[in-house]
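Enquirer: Okay, so here is final.cif, and as you'll see once you scroll down, it has mmCIF, C-alpha atoms.
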```
data_my_file
loop_
_atom_site.label_atom_id
_atom_site.label_comp_id
_atom_site.auth_asym_id
_atom_site.auth_seq_id
_atom_site.Cartn_x
_atom_site.Cartn_y
_atom_site.Cartn_z
CA MET A 230 15.50 10.34 -23.77
CA ILE A 231 19.09 9.84 -22.81
CA LEU A 232 19.66 7.68 -25.84
CA ALA A 233 18.09 10.34 -28.02
CA ALA A 234 20.49 12.83 -26.48
CA ALA A 235 23.33 10.45 -27.25
CA GLU A 236 22.26 10.25 -30.86
CA ARG A 237 22.05 13.99 -31.08
CA ALA A 238 25.46 14.39 -29.49
CA GLY A 239 26.77 11.87 -32.00
CA THR A 240 25.44 13.67 -35.05
CA VAL A 241 26.70 16.98 -33.75
CA GLU A 242 30.13 15.52 -33.08
CA HIS A 243 30.15 14.47 -36.71
CA ALA A 244 29.20 17.98 -37.73
CA ALA A 245 31.94 19.44 -35.53
CA GLY A 246 34.41 16.94 -36.95
CA ALA A 247 33.41 17.92 -40.47
CA ALA A 248 33.94 21.58 -39.65
CA ALA A 249 37.37 20.90 -38.17
CA ALA A 250 38.33 18.78 -41.15
CA VAL A 251 38.27 21.85 -43.36
CA GLN A 252 41.07 23.38 -41.35
CA LYS A 253 43.21 20.39 -40.39
CA ASP A 254 44.09 17.05 -41.85
CA PRO A 255 40.66 15.62 -42.77
CA ALA A 256 41.43 12.00 -41.92
CA MET A 257 42.85 12.87 -38.53
CA ALA A 258 39.89 15.08 -37.65
CA ALA A 259 37.43 12.35 -38.61
CA VAL A 260 39.25 9.84 -36.38
CA THR A 261 39.16 12.24 -33.43
CA ALA A 262 35.49 13.00 -33.91
CA ASN A 263 34.65 9.30 -34.13
CA ALA A 264 36.58 8.49 -30.98
CA GLU A 265 34.84 11.29 -29.09
CA THR A 266 31.46 10.13 -30.32
CA PHE A 267 32.28 6.59 -29.26
CA VAL A 268 33.36 7.64 -25.75
CA MET A 269 30.30 9.83 -25.39
CA MET A 270 27.93 7.06 -26.42
CA ILE A 271 29.50 4.63 -23.95
CA LEU A 272 29.24 7.19 -21.14
CA LEU A 273 25.62 8.08 -21.90
CA THR A 274 24.65 4.41 -22.19
CA LEU A 275 26.24 3.75 -18.82
CA LEU A 276 24.32 6.72 -17.40
CA ALA A 277 21.07 5.24 -18.67
CA ALA A 278 21.96 1.84 -17.23
CA ILE A 279 22.77 3.38 -13.83
CA THR A 280 19.50 5.30 -13.86
CA LEU A 281 17.57 2.07 -14.46
CA ALA A 282 19.55 0.37 -11.68
CA ILE A 283 18.69 3.22 -9.29
CA ILE A 284 14.99 2.87 -10.14
CA ARG A 285 15.03 -0.89 -9.53
CA GLN A 286 17.17 -0.82 -6.39
CA ARG A 287 15.22 -1.03 -3.11
CA ASN A 288 18.23 -0.85 -0.79
CA LEU A 289 18.97 2.83 -0.27
CA PHE A 290 22.65 2.22 0.50
CA GLY A 291 22.97 0.80 -3.00
CA VAL A 292 21.08 3.78 -4.38
CA VAL A 293 23.54 6.20 -2.76
CA ILE A 294 26.54 4.34 -4.17
CA LEU A 295 24.93 4.21 -7.61
CA ALA A 296 24.24 7.94 -7.40
CA GLY A 297 27.93 8.48 -6.67
CA ILE A 298 28.84 6.42 -9.74
CA TYR A 299 26.33 8.46 -11.73
CA SER A 300 28.07 11.66 -10.64
CA PHE A 301 31.47 10.33 -11.63
CA LEU A 302 30.13 9.33 -15.06
CA MET A 303 28.58 12.78 -15.38
CA ALA A 304 31.97 14.31 -14.52
CA SER A 305 33.52 12.21 -17.30
CA VAL A 306 30.87 13.48 -19.70
CA MET A 307 31.76 17.03 -18.69
CA ILE A 308 35.44 16.34 -19.35
CA ALA A 309 34.53 14.94 -22.77
CA LEU A 310 32.66 18.21 -23.39
CA ASP A 311 35.80 20.20 -22.36
CA ALA A 312 34.06 21.70 -19.32
CA VAL A 313 36.77 20.81 -16.81
CA ASP A 314 35.63 23.26 -14.14
CA VAL A 315 32.14 21.79 -14.11
CA ALA A 316 33.60 18.27 -14.12
CA MET A 317 35.66 19.09 -11.05
CA THR A 318 32.64 20.46 -9.23
CA GLU A 319 30.52 17.48 -10.23
CA ALA A 320 33.15 15.00 -9.05
CA SER A 321 33.82 16.71 -5.72
CA VAL A 322 30.27 17.76 -4.81
CA GLY A 323 28.17 15.13 -6.57
CA ALA A 324 30.33 12.10 -5.94
CA GLY A 325 32.11 13.24 -2.77
CA ILE A 326 30.19 15.49 -0.41
CA SER A 327 26.64 14.56 -1.35
CA THR A 328 27.44 10.84 -1.08
CA VAL A 329 28.77 11.42 2.44
CA VAL A 330 25.75 13.52 3.39
CA LEU A 331 23.32 10.96 1.96
CA LEU A 332 25.09 8.14 3.82
CA ALA A 333 24.87 10.20 7.03
CA THR A 334 21.15 10.65 6.35
CA LEU A 335 20.73 6.90 5.92
CA TYR A 336 22.50 6.42 9.24
CA LEU A 337 19.97 8.74 10.86
CA THR A 338 16.92 7.21 9.18
CA ASP A 339 16.61 3.80 7.58
CA SER A 340 18.41 2.17 4.71
CA VAL A 341 15.58 0.17 3.16
CA GLU A 342 12.90 1.78 1.07
CA TYR A 343 9.29 1.31 2.12
CA PRO A 344 7.23 -1.04 -0.05
CA ARG A 345 5.74 0.49 -3.12
CA PRO A 346 2.65 2.67 -2.56
CA ARG A 347 -0.72 1.37 -3.65
CA SER A 348 -0.74 2.64 -7.20
CA VAL A 349 2.04 3.59 -9.56
CA ALA A 350 -0.31 5.03 -12.18
CA ILE A 351 -0.23 8.66 -11.02
CA PRO A 352 3.56 8.86 -10.45
CA LEU A 353 4.16 7.16 -13.80
CA PHE A 354 1.79 9.60 -15.50
CA VAL A 355 3.47 12.61 -13.88
CA SER A 356 6.97 11.49 -14.80
CA LEU A 357 5.93 10.68 -18.37
CA VAL A 358 4.33 14.09 -18.79
CA VAL A 359 7.36 15.89 -17.29
CA GLY A 360 9.74 13.82 -19.43
CA ALA A 361 7.72 14.56 -22.56
CA ALA A 362 7.66 18.26 -21.71
CA LEU A 363 11.44 18.27 -21.27
CA ALA A 364 11.97 16.40 -24.54
CA TRP A 365 9.59 18.82 -26.27
CA GLY A 366 11.55 21.73 -24.77
CA THR A 367 14.82 20.48 -26.24
CA ILE A 368 13.36 20.76 -29.76
CA GLY A 369 13.51 24.54 -29.50
CA LEU A 370 17.15 24.57 -28.42
CA PRO A 371 19.87 25.41 -30.93
CA ALA A 372 21.83 22.37 -32.16
CA PHE A 373 24.45 21.05 -29.75
CA GLY A 374 27.89 22.63 -30.14
CA ILE A 375 26.81 25.10 -32.82
CA ALA A 376 28.95 28.23 -32.89
CA ASP A 377 26.30 30.90 -33.49
CA ALA A 378 23.91 29.88 -30.72
CA PRO A 379 22.51 32.90 -28.84
CA ILE A 380 24.65 32.14 -25.76
CA HIS A 381 27.84 32.49 -27.82
CA THR A 382 26.81 35.69 -29.58
CA HIS A 383 25.44 37.74 -26.67
CA VAL A 384 28.05 38.75 -24.06
CA ALA A 385 30.61 35.96 -24.42
CA PRO A 386 32.55 37.61 -27.30
CA THR A 387 32.84 40.80 -25.25
CA TYR A 388 34.35 38.89 -22.34
CA ILE A 389 36.80 37.07 -24.58
CA GLU A 390 37.85 40.25 -26.40
CA TYR A 391 38.20 42.16 -23.15
CA SER A 392 40.36 39.48 -21.48
CA LYS A 393 42.52 39.28 -24.58
CA LYS A 394 42.96 43.04 -24.74
CA HIS A 395 44.03 43.32 -21.10
CA GLU A 396 46.01 40.03 -21.13
CA MET A 397 43.93 38.68 -18.26
CA PRO A 398 44.47 35.15 -16.85
CA PRO A 399 44.08 32.46 -19.49
CA ASN A 400 41.27 30.62 -17.69
CA ILE A 401 38.43 32.90 -18.74
CA VAL A 402 35.99 30.82 -16.70
CA THR A 403 37.61 32.14 -13.52
CA ALA A 404 37.77 35.67 -14.91
CA VAL A 405 34.07 35.57 -15.82
CA LEU A 406 33.04 34.09 -12.48
CA ALA A 407 35.10 36.26 -10.16
CA ASP A 408 35.58 39.43 -12.18
CA PHE A 409 33.11 40.13 -14.99
CA ARG A 410 30.28 38.56 -13.05
CA GLY A 411 31.60 39.04 -9.53
CA PHE A 412 28.23 40.24 -8.32
CA ASP A 413 26.58 36.99 -9.46
CA THR A 414 29.23 34.97 -7.66
CA LEU A 415 28.68 37.03 -4.52
CA GLY A 416 25.03 36.03 -4.80
CA GLU A 417 25.99 32.37 -5.26
CA THR A 418 28.25 32.48 -2.22
CA THR A 419 25.37 33.97 -0.28
CA VAL A 420 23.18 31.11 -1.48
CA VAL A 421 25.71 28.58 -0.15
CA PHE A 422 25.84 30.52 3.12
CA THR A 423 22.04 30.66 3.41
CA ALA A 424 21.62 26.98 2.58
CA GLY A 425 24.29 26.02 5.10
CA ILE A 426 22.68 28.11 7.84
CA GLY A 427 19.31 26.57 7.01
CA VAL A 428 20.63 23.02 7.27
CA LEU A 429 22.42 23.82 10.52
CA LEU A 430 19.28 25.33 12.03
CA LEU A 431 17.18 22.35 10.97
CA LEU A 432 19.63 19.76 12.29
CA GLN A 433 20.79 21.49 15.47
CA GLY A 434 17.56 23.22 16.43
CA GLY A 435 18.89 26.74 16.83
CA TRP A 436 22.16 28.33 17.81
CA ARG A 437 21.58 28.51 21.59
CA LYS A 438 20.89 24.81 21.93
CA SER A 439 23.75 23.81 19.67
CA HIS A 440 26.21 25.84 21.70
CA ASN A 441 25.10 24.17 24.91
CA SER A 442 25.24 20.68 23.49
CA ARG A 443 28.68 21.34 22.08
CA ARG A 444 29.99 22.42 25.47
CA ASP A 445 28.70 19.16 26.92
CA ASP A 446 30.31 17.22 24.11
CA GLU A 447 33.69 18.72 24.77
CA ASP A 448 33.49 18.16 28.51
CA ASN A 449 32.44 14.56 28.83
CA GLU A 450 32.70 13.10 25.39
CA LEU A 451 33.24 9.38 25.33
CA ASP A 452 34.96 8.79 22.05
CA THR A 453 33.38 5.76 20.48
CA ASP A 454 34.37 6.07 16.89
CA GLY A 455 38.00 6.97 16.94
CA ASP A 456 41.18 6.95 18.95
CA GLU A 457 44.68 8.26 18.96
CA ALA A 458 46.23 6.19 16.24
CA MET N 106 37.35 0.31 13.72
CA ARG N 107 40.50 -1.10 15.26
CA LEU N 108 41.51 -3.41 12.42
CA ASP N 109 41.53 -0.92 9.56
CA LEU N 110 45.29 -0.44 9.57
CA ILE N 111 45.59 -0.19 5.79
CA LEU N 112 42.82 2.40 5.68
CA ARG N 113 44.48 4.52 8.35
CA VAL N 114 47.96 4.39 6.86
CA GLY N 115 46.60 4.96 3.37
CA ALA N 116 44.53 7.92 4.52
CA LYS N 117 47.50 9.43 6.31
CA LEU N 118 49.47 9.21 3.10
CA ILE N 119 46.70 10.69 0.96
CA LEU N 120 45.42 13.49 3.23
CA PRO N 121 48.29 15.98 2.78
CA PHE N 122 48.12 15.55 -0.97
CA ILE N 123 44.38 16.23 -0.96
CA LEU N 124 44.98 19.48 0.90
CA MET N 125 47.85 20.29 -1.44
CA PHE N 126 45.58 19.69 -4.43
CA ALA N 127 42.90 21.92 -2.90
CA LEU N 128 45.44 24.73 -2.50
CA TYR N 129 46.67 24.16 -6.05
CA VAL N 130 43.11 24.38 -7.37
CA GLN N 131 42.63 27.55 -5.33
CA PHE N 132 45.77 29.44 -6.28
CA HIS N 133 46.12 28.12 -9.81
CA GLY N 134 42.49 28.81 -10.70
CA ASP N 135 43.51 31.70 -12.97
CA TYR N 136 45.52 29.38 -15.19
CA GLY N 137 44.07 25.92 -14.76
CA PRO N 138 40.62 24.56 -14.03
CA GLY N 139 39.12 25.23 -10.65
CA GLY N 140 38.59 28.05 -8.25
CA GLY N 141 37.32 28.81 -4.78
CA PHE N 142 34.26 26.59 -4.88
CA GLN N 143 36.11 23.46 -5.98
CA ALA N 144 38.99 24.13 -3.60
CA GLY N 145 36.57 24.62 -0.72
CA VAL N 146 34.79 21.36 -1.43
CA ILE N 147 38.05 19.44 -1.79
CA SER N 148 39.50 20.78 1.47
CA ALA N 149 36.20 20.09 3.25
CA GLY N 150 36.37 16.59 1.78
CA MET N 151 39.79 16.18 3.36
CA VAL N 152 38.42 17.02 6.81
CA ILE N 153 35.44 14.70 6.27
CA LEU N 154 37.70 11.83 5.20
CA TYR N 155 39.80 12.43 8.29
CA ALA N 156 36.66 12.39 10.43
CA ILE N 157 35.38 9.18 8.86
CA ILE N 158 38.63 7.30 9.43
CA PHE N 159 40.03 8.77 12.66
CA GLY N 160 36.82 9.79 14.39
CA VAL N 161 34.92 13.04 14.63
CA ARG N 162 36.72 14.01 17.82
CA ALA N 163 40.10 13.99 16.09
CA ALA N 164 38.64 15.96 13.19
CA LYS N 165 37.35 18.58 15.62
CA HIS N 166 40.92 19.16 16.75
CA VAL N 167 41.88 19.81 13.12
CA ALA N 168 38.85 21.95 12.30
CA PRO N 169 37.30 23.20 15.56
CA PRO N 170 33.52 23.78 15.24
CA ARG N 171 33.95 27.26 16.69
CA ILE N 172 36.13 28.28 13.73
CA VAL N 173 34.06 26.36 11.19
CA GLU N 174 30.89 28.17 12.26
CA LYS N 175 32.60 31.52 11.82
CA MET N 176 33.90 30.50 8.39
CA VAL N 177 30.34 30.16 7.04
CA PRO N 178 29.51 33.91 7.17
CA GLY N 179 33.19 34.93 7.11
CA GLY N 180 33.69 34.11 3.44
CA VAL N 181 30.64 36.12 2.37
CA LEU N 182 32.01 39.03 4.43
CA ILE N 183 35.41 38.74 2.70
CA PHE N 184 33.68 38.74 -0.69
CA ALA N 185 31.36 41.65 0.05
CA GLY N 186 34.15 43.49 1.88
CA THR N 187 36.29 43.33 -1.26
CA GLY N 188 33.50 45.07 -3.10
CA VAL N 189 33.21 47.73 -0.41
CA VAL N 190 36.99 48.32 -0.46
CA SER N 191 36.91 48.74 -4.24
CA MET N 192 34.15 51.31 -3.78
CA PHE N 193 36.33 53.21 -1.30
CA LEU N 194 39.13 53.18 -3.89
CA GLY N 195 36.85 55.05 -6.26
CA TYR N 196 35.65 52.26 -8.54
CA ASN N 197 32.42 50.33 -8.90
CA PHE N 198 31.39 47.61 -6.47
CA LEU N 199 33.68 44.59 -7.15
CA ASP N 200 35.73 46.46 -9.76
CA TYR N 201 39.27 45.52 -8.70
CA THR N 202 41.15 48.02 -10.84
CA GLY N 203 42.23 50.08 -7.82
CA PHE N 204 43.98 47.23 -5.98
CA ALA N 205 47.42 47.53 -7.62
CA HIS N 206 49.47 49.74 -9.86
CA ASP N 207 48.38 48.18 -13.15
CA PHE N 208 45.19 46.62 -14.47
CA LEU N 209 46.36 43.02 -14.76
CA HIS N 210 47.85 42.73 -11.27
CA ALA N 211 44.93 44.52 -9.67
CA HIS N 212 42.47 42.09 -11.20
CA GLU N 213 44.58 39.06 -10.32
CA TRP N 214 44.63 40.22 -6.69
CA GLY N 215 40.92 40.92 -6.74
CA ILE N 216 40.06 37.52 -8.18
CA LEU N 217 42.34 35.81 -5.65
CA ILE N 218 40.81 37.57 -2.64
CA VAL N 219 37.29 36.95 -3.81
CA GLU N 220 38.04 33.28 -4.46
CA ILE N 221 39.42 32.98 -0.94
CA GLY N 222 36.09 34.31 0.28
CA VAL N 223 34.27 31.63 -1.73
CA LEU N 224 36.65 28.95 -0.39
CA VAL N 225 36.09 29.97 3.23
CA THR N 226 32.29 29.93 2.96
CA VAL N 227 32.05 26.71 0.97
CA CYS N 228 34.56 24.84 3.11
CA GLY N 229 32.95 26.04 6.35
CA THR N 230 29.45 25.19 5.17
CA MET N 231 30.37 21.67 4.09
CA ILE N 232 32.25 20.85 7.30
CA ALA N 233 29.56 22.40 9.49
CA MET N 234 26.87 20.38 7.71
CA PHE N 235 28.88 17.21 8.22
CA TYR N 236 29.34 17.95 11.93
CA ALA N 237 25.63 18.69 12.26
CA PHE N 238 24.71 15.34 10.69
CA VAL N 239 27.17 13.43 12.85
CA GLU N 240 26.16 15.13 16.10
CA ARG N 241 22.53 14.47 15.33
CA GLY N 242 23.27 10.78 15.13
CA ARG N 243 24.92 10.63 18.54
CA THR N 244 22.00 11.78 20.66
#
```
Spell out the structure here as structure tokens.
Expert:
Amino acid sequence: MILAAAERAGTVEHAAGAAAAVQKDPAMAAVTANAETFVMMILLTLLAAITLAIIRQRNLFGVVILAGIYSFLMASVMIALDAVDVAMTEASVGAGISTVVLLATLYLTDSVEYPRPRSVAIPLFVSLVVGAALAWGTIGLPAFGIADAPIHTHVAPTYIEYSKKHEMPPNIVTAVLADFRGFDTLGETTVVFTAGIGVLLLLQGGWRKSHNSRRDDEDNELDTDGDEA
Amino acid sequence: MRLDLILRVGAKLILPFILMFALYVQFHGDYGPGGGFQAGVISAGMVILYAIIFGVRAAKHVAPPRIVEKMVPGGVLIFAGTGVVSMFLGYNFLDYTGFAHDFLHAHEWGILIVEIGVLVTVCGTMIAMFYAFVERGRT
């Protein structure tokens, strides 16, 4: 599936390159498009390889590290797609925080996966069906990078025109997130807040208890994992 | 833990620049990539790196749990409070036009305040989750 996506990205890059060639120097545009296609194919191939390695790996520590590498590759893909904001989030959350949290989880549980369950037939069937459904769903999508896809013709032009008219900050992503769609972002912040509170409640077993245990910690904490350097 | 001299010195060199980068991402979000969410995660990552290398106790002096726990709802309150203030100024909820004398500056201020709200919540949530995981492991 990933390779199919790579092929699609490749053909679309060619199409984009062809479109750009009309405006600029044709040879130069073709070289740029080819280089981008090449980088993209390498990245997506590496992603597929990492996914296979994660499936085969039984040591969960290795899985966590591979997942971090996967996130960094994904961030590189996002940079290649000119989505720098998303790349930054992917690198910091996917490769940074979630790796730390997963390692902390491994510390609390166990770092070796249990032996395989009795039968792999049902899980294999489920994942094949889900994968096929996803691949079938992509058929209905507009071609990658096409300019007149519904998402580019609905509200996006209004945002761009409006920010141009009022000379708003040049990073329209920030303007859309915090201004045009401020209410959505308020909802997203609330989601982060709710998720954080949920995790804290699960791990600490309620506010009252956590407050008590913290008092104890501060009073007679024997520092085992650090010192005054 | 006592022999990791290179790690400690290296971390001490890197940490201020990580925080600096987080602040850059925060305050330059209008012009470059980034914003409150990314800045919050990066600054939380700084505290977590500090905790991993120098111990959780040292990190709790930098980011006391009492403050971190208040940051989690605090950011949402800053965000929602901005909307309420804009309503008091006679505009729609989260319409920042009333914050300054002209449109552009008002919206820059509004975006900045709201992004600070996002930073506070995200940073607090990440650090609090990390503390929760670490404390769980001790008992």
Enquirer: For a test of reading the model, state the distance in Å between CA of Ser327 in chain A and CA of Ile153 in chain N, rounded to one decimal.
Expert: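 Value for the CA of Ser327 in chain A-CA of Ile153 in chain N distance: 11.6 Å.
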Enquirer: Where does the PyMOL selection byres ((chain A) within 7 of (chain N)) land in this file, that is, which residues does it pick, as an NGL selection string?
Expert: :A and (313-314 or 317-318 or 321-322 or 326 or 330 or 333 or 337 or 395 or 397-400 or 403 or 407-408 or 411 or 415 or 418-419 or 421-422 or 425 or 428-429 or 432-433 or 452 or 454-456)
Enquirer: Any idea what the distance is between CA of Asn288 in chain A and CA of Val341 in chain A?
Expert: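 Rounded to one decimal, the two atoms are 4.9 Å apart.
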Enquirer: For a test of reading the model, state the distance in Å between CA of Ser392 in chain A and CA of Leu128 in chain N, rounded to one decimal.
Expert: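 Here the two named atoms are 24.6 Å from each other.
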Enquirer: List the residues matched by the PyMOL selection byres ((chain A and resi 324) around 10) in the displayed structure as a list of chain:residue names, ordered by chain and then by residue number.
Expert: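 Output of the PyMOL selection byres ((chain A and resi 324) around 10): A:Val293, A:Ile294, A:Leu295, A:Ala296, A:Gly297, A:Ile298, A:Tyr299, A:Ser300, A:Phe301, A:Leu302, A:Met303, A:Ala304, A:Thr318, A:Glu319, A:Ala320, A:Ser321, A:Val322, A:Gly323, A:Gly325, A:Ile326, A:Ser327, A:Thr328, A:Val329.
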Enquirer: From the list A:Ala312, A:Met307, A:Val268, A:Leu335, which residue is nearest Phe290 in chain A when using all atoms listed in the file?
Expert: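 Once distances to Phe290 in chain A are computed over all atoms listed in the file, the minimum belongs to A:Leu335.
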Enquirer: Name the closest residue to Ile426 in chain A among the candidates N:Val167, N:Val173, N:Met192, N:Ile111; distances are taken between atoms, counting only C-alpha atoms.
Expert: N:Val173
Enquirer: Need the shell around Ala211 in chain N: protein/DNA/RNA residues with any atom at most 9 Å away, counting all atoms listed in the file. Skip same-chain ones fewer than 6 positions apart. Format as a ChimeraX atom specification?
Expert: /N:201-205
